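Structure first, then comments.
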Amino acid sequence: MKLLEPIEINGMRLKNRIGLAPLLNMPAGEEGYINDQTIRWFEARAEGGAGLIMTGAVGASAPPSPAQQGVFGFRGIGLYDDKYIPGFARLAETVHSHGARLGVQIGVIGSVMGGRGPSPPPYPDEMHATDELFFIMTGRRTPHTEVTIEDIEQSQRDVAAAAARAKAAGVDCVLLHCSHGGATGGCSFISPFYNRRTDKYGGSWEGRLRHPSETIQKMREAVGDDYPILVRICADQLLGERGITPEDTTEIIVPALEKAGVDCFDVSQGDMIRAGEGITIPLYYRRGCFIHLAAAVKQVTRLPVIGVGNIFDMDMAEKFLQEGKADIIYMGRQLTADPETPKKYFEGRPEDIRKCIGDIGGCGNPCTVNYDIQERPIPLAPAERARRVLIIGGGVGGMEAARIAALRGHKVTLIEKEAQLGGMVAALALNPLTGEFRNIVDYLTAQMRKLGVDVRVCKEATTSDVEELSPDVVILATGSSALIPEIAREKPGVMTHSEASKNIRAIGQKVVVWGFFGVELALSLAEEGKDVVLLGRGGEGSLGSDLSMARRWWLLRKLTDINVPRETPEAVRVGNPQVLYNVAVEDITAGSIQVNIGGNEQRKRALPYDTLILSQRFGERKANDSLFDELQGKASEVYKIGDCSQVRGIQDAIFSANEVARKV
Ligand SMILES: Cc1cc2nc3c(=O)[nH]c(=O)nc-3n(C[C@H](O)[C@H](O)[C@H](O)COP(=O)(O)O)c2cc1C
């Protein structure tokens with residue numbers, strides 16, 4: 001297996017070819033110190049089998065105040081002072097004790113997003129960081145100042161000193177961050193889009209590459225010839241000809257940085273401000289979606305190349321290595337979701353791997369599917385005495401509760417009224433756009449079998465079933481149901497969102513999706529060739545506001561006229577579904593829905609439909625909790641988890657399941 005072949009980067013030997021990608025939301029202590037939680041986070045991933053553990057970007061220069069560590073709202077780790085060396089030494093020792101190597105990511109000054117860019121806005125092409133989309137997404141505008149030559153020189157000295165500190169602490173390599181467009185100084189300087197300087201740090205490729213190249217040379221002087229310096233590059237800024245293109249990368253950037261003295265290329269893409277899909281990749285993208293860029297870089301260098309991007313699957317990682325597309329594969333979100341991914345795979349238990357669902361609801365801060373990632377999870381300890389636990393409802397919350405209870409030694413029965421397990425999440429996973437949701441359903445279903453949970457499907461549990469089984473503990477995970485508005489009741493062609501998801505074939509040609517929760521369903525029905533109108537109460541900015549930033553970003557680009565780059569084929573503006581904002585539904589008659597747009601009498605319209613899908617938000621669903629009251633006095637301990645406790649999302653279902661099942 002190629003994954004298990006060791007590899008060397010300038011004298012650093014990695015035991016295998018899986019690495020943890022740099023993730024900024026790694027836990028950090030007060031004032032930038034590494035704390036116990038930081039150690040636990042990285043140790044879990046080293047113990048889980050990754051050969052290379054890379055930190056997210058750490059601070060190479062002192063922040064304005066000790067409390068302001070970190071960037072973009074994450075609490076950061078510092079490396080701008082010798083006081084941080086002991087923490088890194090402890091981290092390196094911990095990572096080494098599991099046979100893995102530790103790298104530290106550092107960056108230079110000049111991040112547009114961080115407020116001090118290579119050139120001041122506005123840029124000639126329409127908007128830049130202050131654009132509407134960035135504002136809608138973050139509530140922030142990013143006016144910035146231009147960094148001076150003194151700033152640049154100071155930053156280069158800081159980065160070199162930070163690299164020397166990493167080496168002194170026993171860290172095995174450093175990674176210079178020159179990727180992700182306006183997010184980093186390295187990439188902001190290289191990018192023709194952001195760097196409009198006319199001094200020696202701009203003006204031409206040579207000028208734009210000068211800041212990172214000089215930094216690499218200074219790092220080299222600080223750490224010596226035999227210490228690995230890696231660089232993370234942005235091989236495609238996803239801004240077309242206006243930004244860094246793959247050709248710029250292979251023809252100019254890679255040779256220049258190689259000449260400057262790097263030992264390995266880590267190949268990423270995108271622009272955090274304008275084309276975020278390279279960094280926080282929405283789940284709509286195919287797996288391994290930018291490995292072609294690593295493959296292109298491999299064609300022009302003999303140095304080792306790291307490939308990354310939506311790789312959740314060890315078979316895919318192996319395949320990319322076999323095909324020579326990369327020498328090492330990073331996993332970011334997958335090792336967040338399951339730190340033991342490599343170990344389980346190498347031990348031949350792939351069914352035990354909890355795959356990432358690509359949701360970017362938190363990614364470590366915390367992760368949607370990994371409860372243990374939090375600062376203070378309830379420990380998973382064997383139960384003091386084995387009890388009979390009955391779980392009613394086999395959605396992801398119910399199955400997670402069953403998994404945890406069984407792992408703790410309880411005897412678990414799970415009753416589900418449908419023929420299939422997975423509930424609402426399984427229904428949503430039938431939509432190709434959210435197909436990655438299937439990962440958590442498949443994982444939990446496999447665990448039911450492996451852990452010997454007594455699963456009874458096609459059975460609607462009643463109080464008499466509970467009395468008959470007489471469990472010690474009942475956990476209700478019966479989910480929620482759509483509240484059907486009065487005017488939609490008993491009208492032909494009306495379906496709830498989950499009915500429609502499960503029954504795509506029954507959907508007619510003319511579709512109206514009522515409620516922005518249905519945005520992804522509307523899009524995939526349109527892609528199937530249906531004529532779709534999506535309508536909701538809110539304005540443009542409210543589209544996808546319940547979703548993670550990455551999903552929302554992509555949807556806004558696809559469906560609104562907000563002025564943003566749309567160079568990537570996946571992000572082009574589409575006309576089907578037609579989206580109607582600020583809509584009040586006034587009446588529904590058979591085959592027609594009467595709406596009032598923006599409260600304006602002139603804009604009343606009747607929309608014909610074959611199928612009307614009710615896609616309400618969480619607040620328009622009701623908890624299925626009637627059994628809870630009925631069971632009072634009939635079972636000694638009854639708990640509610642997931643939607644039947646409070647209507648929310650996947651993470652809450654999984655987390656509330658853990659909070660109950662780890663205690664009973
Ligand atoms: C929450 C989050 C934080 C990230 N932080 C960093 C970072 O500090 N430095 C960096 O180079 N990339 C960062 N990335 C990008 C990842 O390193 C990685 O390239 C990306 O997640 C794609 O890999 P994956 O699909 O395996 O997660 C971050 C991504 C996410 C989702």
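In the structure tokens, chains take the letters A, B, ... in the order shown, each chain's residues start at 1, and ligands count up from 1 in the order shown.
For range 5-91 of chain A, backbone-based DSSP assignment of strand (DSSP E or B) covers Ile7, Glu8, Ile9, Met12, Arg13, Leu14, Ile18, Gly19, Leu20, Leu52, Ile53, Met54, Thr55, Gly56, Ala57, Val58, Gly59 and Gly78 of chain A.
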Can those selected residues be exported to a file as a short mmCIF file (atom, residue, chain, number, x, y, z; two decimals), in the first residue's frame so that it contains N, CA, C and O atoms?
data_model
loop_
_atom_site.label_atom_id
_atom_site.label_comp_id
_atom_site.auth_asym_id
_atom_site.auth_seq_id
_atom_site.Cartn_x
_atom_site.Cartn_y
_atom_site.Cartn_z
N ILE A 7 8.28 8.36 3.62
CA ILE A 7 8.78 9.36 2.67
C ILE A 7 9.64 10.37 3.43
O ILE A 7 9.39 10.63 4.61
N GLU A 8 10.63 10.91 2.74
CA GLU A 8 11.51 11.90 3.38
C GLU A 8 11.33 13.27 2.76
O GLU A 8 11.22 13.40 1.54
N ILE A 9 11.31 14.29 3.61
CA ILE A 9 11.35 15.68 3.11
C ILE A 9 12.56 16.32 3.78
O ILE A 9 12.55 16.53 5.00
N MET A 12 13.49 14.80 6.99
CA MET A 12 12.40 14.43 7.90
C MET A 12 11.70 13.21 7.33
O MET A 12 11.13 13.27 6.24
N ARG A 13 11.75 12.12 8.09
CA ARG A 13 11.15 10.88 7.59
C ARG A 13 9.74 10.75 8.16
O ARG A 13 9.55 10.79 9.38
N LEU A 14 8.79 10.59 7.26
CA LEU A 14 7.41 10.36 7.69
C LEU A 14 7.11 8.88 7.57
O LEU A 14 7.45 8.27 6.56
N ILE A 18 -0.05 10.13 5.17
CA ILE A 18 -1.26 10.87 5.54
C ILE A 18 -0.88 11.98 6.51
O ILE A 18 -0.15 11.73 7.48
N GLY A 19 -1.36 13.19 6.23
CA GLY A 19 -1.07 14.30 7.12
C GLY A 19 -2.35 15.00 7.55
O GLY A 19 -3.35 14.98 6.83
N LEU A 20 -2.28 15.60 8.73
CA LEU A 20 -3.38 16.46 9.18
C LEU A 20 -3.18 17.83 8.53
O LEU A 20 -2.14 18.46 8.71
N LEU A 52 2.06 12.87 9.55
CA LEU A 52 2.45 14.28 9.69
C LEU A 52 1.31 15.05 10.32
O LEU A 52 0.16 14.99 9.85
N ILE A 53 1.64 15.74 11.38
CA ILE A 53 0.64 16.57 12.06
C ILE A 53 1.04 18.01 11.85
O ILE A 53 2.10 18.45 12.29
N MET A 54 0.19 18.75 11.15
CA MET A 54 0.49 20.16 10.88
C MET A 54 -0.44 21.02 11.73
O MET A 54 -1.64 20.73 11.82
N THR A 55 0.10 22.04 12.35
CA THR A 55 -0.79 22.97 13.08
C THR A 55 -1.43 23.91 12.07
O THR A 55 -0.94 24.06 10.95
N GLY A 56 -2.49 24.57 12.47
CA GLY A 56 -3.02 25.68 11.69
C GLY A 56 -2.05 26.85 11.84
O GLY A 56 -1.05 26.75 12.56
N ALA A 57 -2.37 27.95 11.17
CA ALA A 57 -1.46 29.10 11.19
C ALA A 57 -1.28 29.61 12.62
O ALA A 57 -2.26 29.84 13.33
N VAL A 58 -0.02 29.77 13.04
CA VAL A 58 0.26 30.32 14.37
C VAL A 58 0.83 31.72 14.19
O VAL A 58 1.32 32.07 13.11
N GLY A 59 0.81 32.51 15.24
CA GLY A 59 1.22 33.91 15.14
C GLY A 59 2.74 34.05 15.17
O GLY A 59 3.39 33.71 16.16
N GLY A 78 0.49 31.35 19.67
CA GLY A 78 1.59 32.27 19.37
C GLY A 78 2.92 31.55 19.25
O GLY A 78 3.14 30.50 19.86
#
Legend entry - Close residues to ligand 1 using only C-alpha atoms and all ligand atoms, limit 7 Å, as a count of residues only: 29
Inset, instruction - Using only C-alpha atoms, determine which residues lie at most 12 Å from Glu527 in chain A, disregarding the query and same-chain residues fewer than 2 positions distant; provide the list as a VMD selection string. - result: chain A and resid 431 to 433 520 to 525 529 to 532 574 to 577
With all heavy atoms retained, could you export that selection as a short mmCIF file (atom, residue, chain, number, x, y, z; two decimals), in the first residue's frame?
data_model
loop_
_atom_site.label_atom_id
_atom_site.label_comp_id
_atom_site.auth_asym_id
_atom_site.auth_seq_id
_atom_site.Cartn_x
_atom_site.Cartn_y
_atom_site.Cartn_z
N ASN A 431 -30.93 13.81 -1.65
CA ASN A 431 -30.65 14.92 -2.57
C ASN A 431 -29.17 14.87 -2.94
O ASN A 431 -28.31 14.88 -2.05
CB ASN A 431 -30.99 16.22 -1.83
CG ASN A 431 -30.70 17.46 -2.65
OD1 ASN A 431 -30.00 17.42 -3.66
ND2 ASN A 431 -31.24 18.57 -2.20
N PRO A 432 -28.85 14.81 -4.23
CA PRO A 432 -27.43 14.70 -4.59
C PRO A 432 -26.56 15.82 -4.00
O PRO A 432 -25.41 15.59 -3.68
CB PRO A 432 -27.43 14.78 -6.12
CG PRO A 432 -28.84 14.71 -6.56
CD PRO A 432 -29.74 14.87 -5.37
N LEU A 433 -27.14 17.01 -3.83
CA LEU A 433 -26.32 18.11 -3.29
C LEU A 433 -25.90 17.86 -1.85
O LEU A 433 -24.83 18.29 -1.42
CB LEU A 433 -27.08 19.43 -3.36
CG LEU A 433 -27.13 20.12 -4.72
CD1 LEU A 433 -27.98 21.37 -4.64
CD2 LEU A 433 -25.73 20.47 -5.21
N GLU A 520 -31.67 23.85 -1.34
CA GLU A 520 -30.86 22.81 -2.00
C GLU A 520 -31.75 21.84 -2.78
O GLU A 520 -31.41 21.38 -3.87
CB GLU A 520 -30.03 22.06 -0.95
CG GLU A 520 -28.88 22.92 -0.44
CD GLU A 520 -28.38 22.52 0.93
OE1 GLU A 520 -29.20 22.02 1.74
OE2 GLU A 520 -27.18 22.71 1.20
N LEU A 521 -32.93 21.56 -2.22
CA LEU A 521 -33.86 20.68 -2.93
C LEU A 521 -34.31 21.36 -4.23
O LEU A 521 -34.35 20.73 -5.30
CB LEU A 521 -35.06 20.38 -2.03
CG LEU A 521 -36.12 19.44 -2.57
CD1 LEU A 521 -35.52 18.08 -2.93
CD2 LEU A 521 -37.26 19.25 -1.57
N ALA A 522 -34.61 22.66 -4.14
CA ALA A 522 -35.04 23.40 -5.33
C ALA A 522 -33.97 23.35 -6.41
O ALA A 522 -34.27 23.11 -7.59
CB ALA A 522 -35.33 24.85 -4.94
N LEU A 523 -32.73 23.54 -6.01
CA LEU A 523 -31.63 23.51 -6.98
C LEU A 523 -31.49 22.14 -7.63
O LEU A 523 -31.32 22.03 -8.84
CB LEU A 523 -30.32 23.84 -6.27
CG LEU A 523 -29.77 25.22 -6.50
CD1 LEU A 523 -28.64 25.50 -5.54
CD2 LEU A 523 -29.29 25.41 -7.93
N SER A 524 -31.57 21.10 -6.83
CA SER A 524 -31.34 19.80 -7.47
C SER A 524 -32.53 19.40 -8.33
O SER A 524 -32.36 18.75 -9.35
CB SER A 524 -30.93 18.72 -6.46
OG SER A 524 -31.78 18.73 -5.40
N LEU A 525 -33.74 19.82 -7.96
CA LEU A 525 -34.89 19.53 -8.84
C LEU A 525 -34.74 20.29 -10.16
O LEU A 525 -35.02 19.75 -11.24
CB LEU A 525 -36.20 19.93 -8.15
CG LEU A 525 -36.61 19.05 -6.96
CD1 LEU A 525 -37.83 19.62 -6.26
CD2 LEU A 525 -36.88 17.61 -7.40
N GLY A 529 -34.21 19.08 -14.34
CA GLY A 529 -35.01 19.51 -15.48
C GLY A 529 -36.41 19.97 -15.11
O GLY A 529 -37.21 20.29 -15.99
N LYS A 530 -36.72 20.05 -13.82
CA LYS A 530 -38.04 20.57 -13.43
C LYS A 530 -38.01 22.10 -13.52
O LYS A 530 -36.95 22.72 -13.44
CB LYS A 530 -38.36 20.21 -11.97
CG LYS A 530 -38.10 18.77 -11.61
CD LYS A 530 -39.27 17.89 -11.92
CE LYS A 530 -39.03 16.48 -11.42
NZ LYS A 530 -39.86 15.50 -12.13
N ASP A 531 -39.19 22.70 -13.64
CA ASP A 531 -39.28 24.17 -13.61
C ASP A 531 -39.62 24.57 -12.18
O ASP A 531 -40.73 24.28 -11.71
CB ASP A 531 -40.39 24.65 -14.56
CG ASP A 531 -40.16 24.10 -15.96
OD1 ASP A 531 -39.02 24.23 -16.44
OD2 ASP A 531 -41.10 23.51 -16.53
N VAL A 532 -38.69 25.22 -11.54
CA VAL A 532 -38.83 25.41 -10.10
C VAL A 532 -38.88 26.89 -9.73
O VAL A 532 -38.11 27.70 -10.23
CB VAL A 532 -37.64 24.74 -9.36
CG1 VAL A 532 -37.85 24.80 -7.84
CG2 VAL A 532 -37.45 23.30 -9.81
N VAL A 574 -27.50 30.76 -11.84
CA VAL A 574 -28.48 30.00 -12.61
C VAL A 574 -29.85 30.67 -12.51
O VAL A 574 -30.14 31.36 -11.54
CB VAL A 574 -28.59 28.53 -12.10
CG1 VAL A 574 -27.30 27.78 -12.34
CG2 VAL A 574 -28.99 28.46 -10.64
N GLY A 575 -30.68 30.46 -13.53
CA GLY A 575 -32.01 31.08 -13.56
C GLY A 575 -33.11 30.14 -13.08
O GLY A 575 -34.22 30.57 -12.78
N ASN A 576 -32.83 28.89 -13.05
CA ASN A 576 -33.78 27.89 -12.56
C ASN A 576 -33.12 27.20 -11.38
O ASN A 576 -32.07 26.59 -11.57
CB ASN A 576 -34.08 26.87 -13.68
CG ASN A 576 -35.15 25.86 -13.28
OD1 ASN A 576 -35.91 26.08 -12.35
ND2 ASN A 576 -35.18 24.74 -14.00
N PRO A 577 -33.63 27.27 -10.17
CA PRO A 577 -34.91 27.85 -9.77
C PRO A 577 -34.93 29.38 -9.85
O PRO A 577 -33.93 30.03 -9.63
CB PRO A 577 -35.04 27.42 -8.31
CG PRO A 577 -33.65 27.26 -7.83
CD PRO A 577 -32.88 26.74 -9.01
#
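Counting only C-alpha atoms, the residue from A:Ser188, A:Asp587, A:Glu460, A:Lys83 that sits nearest to Glu486 in chain A is A:Asp587.
Counting from CA of Glu93 in chain A, the distance to CA of Ala50 in chain A is 15.4 Å.
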Inset, instruction - In Å, rounded to a single decimal, give me how far CA of Tyr609 in chain A is from CA of Val513 in chain A. - result: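 If I compute the distance from CA of Val513 in chain A to CA of Tyr609 in chain A, I get 9.7 Å.
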Inset, instruction - Name the residues in contact with Tyr80 in chain A at a cut-off of 10 Å, using only C-alpha atoms, excluding same-chain residues fewer than 4 positions from it; report them as number ranges by chain. - result: A: 32, 58-63, 84-85, 158-159, 161-163, 165
Keeping C-alpha atoms, export the residues of the selection given above as a short mmCIF file (atom, residue, chain, number, x, y, z; two decimals), in the first residue's frame.
data_model
loop_
_atom_site.label_atom_id
_atom_site.label_comp_id
_atom_site.auth_asym_id
_atom_site.auth_seq_id
_atom_site.Cartn_x
_atom_site.Cartn_y
_atom_site.Cartn_z
CA GLY A 32 -1.63 32.12 22.66
CA VAL A 58 0.26 30.32 14.37
CA GLY A 59 1.22 33.91 15.14
CA ALA A 60 4.74 34.79 14.03
CA SER A 61 4.38 38.48 14.91
CA ALA A 62 3.15 39.90 18.18
CA PRO A 63 -0.56 40.83 18.14
CA TYR A 84 6.02 29.77 23.64
CA ILE A 85 8.89 27.31 23.11
CA ASP A 158 9.58 37.60 12.71
CA VAL A 159 8.83 34.59 10.53
CA ALA A 161 12.66 33.86 14.25
CA ALA A 162 9.45 31.85 14.66
CA ALA A 163 10.89 29.10 12.44
CA ARG A 165 11.88 28.73 17.70
#
Legend entry - range 341-353 of chain A surroundings by only C-alpha atoms, 9 Å radius, close-in-sequence under 2 positions cut, as a VMD selection string: chain A and resid 4 18 45 47 to 50 313 to 315 334 to 335 337 to 339 355 442 to 444 446 to 447
Legend entry - Pick from A:Glu601, A:Glu150, A:Glu620, A:Glu277, whichever lies nearest to Arg552 in chain A using only C-alpha atoms: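 Checking each candidate against Arg552 in chain A, we get A:Glu277 as the closest.
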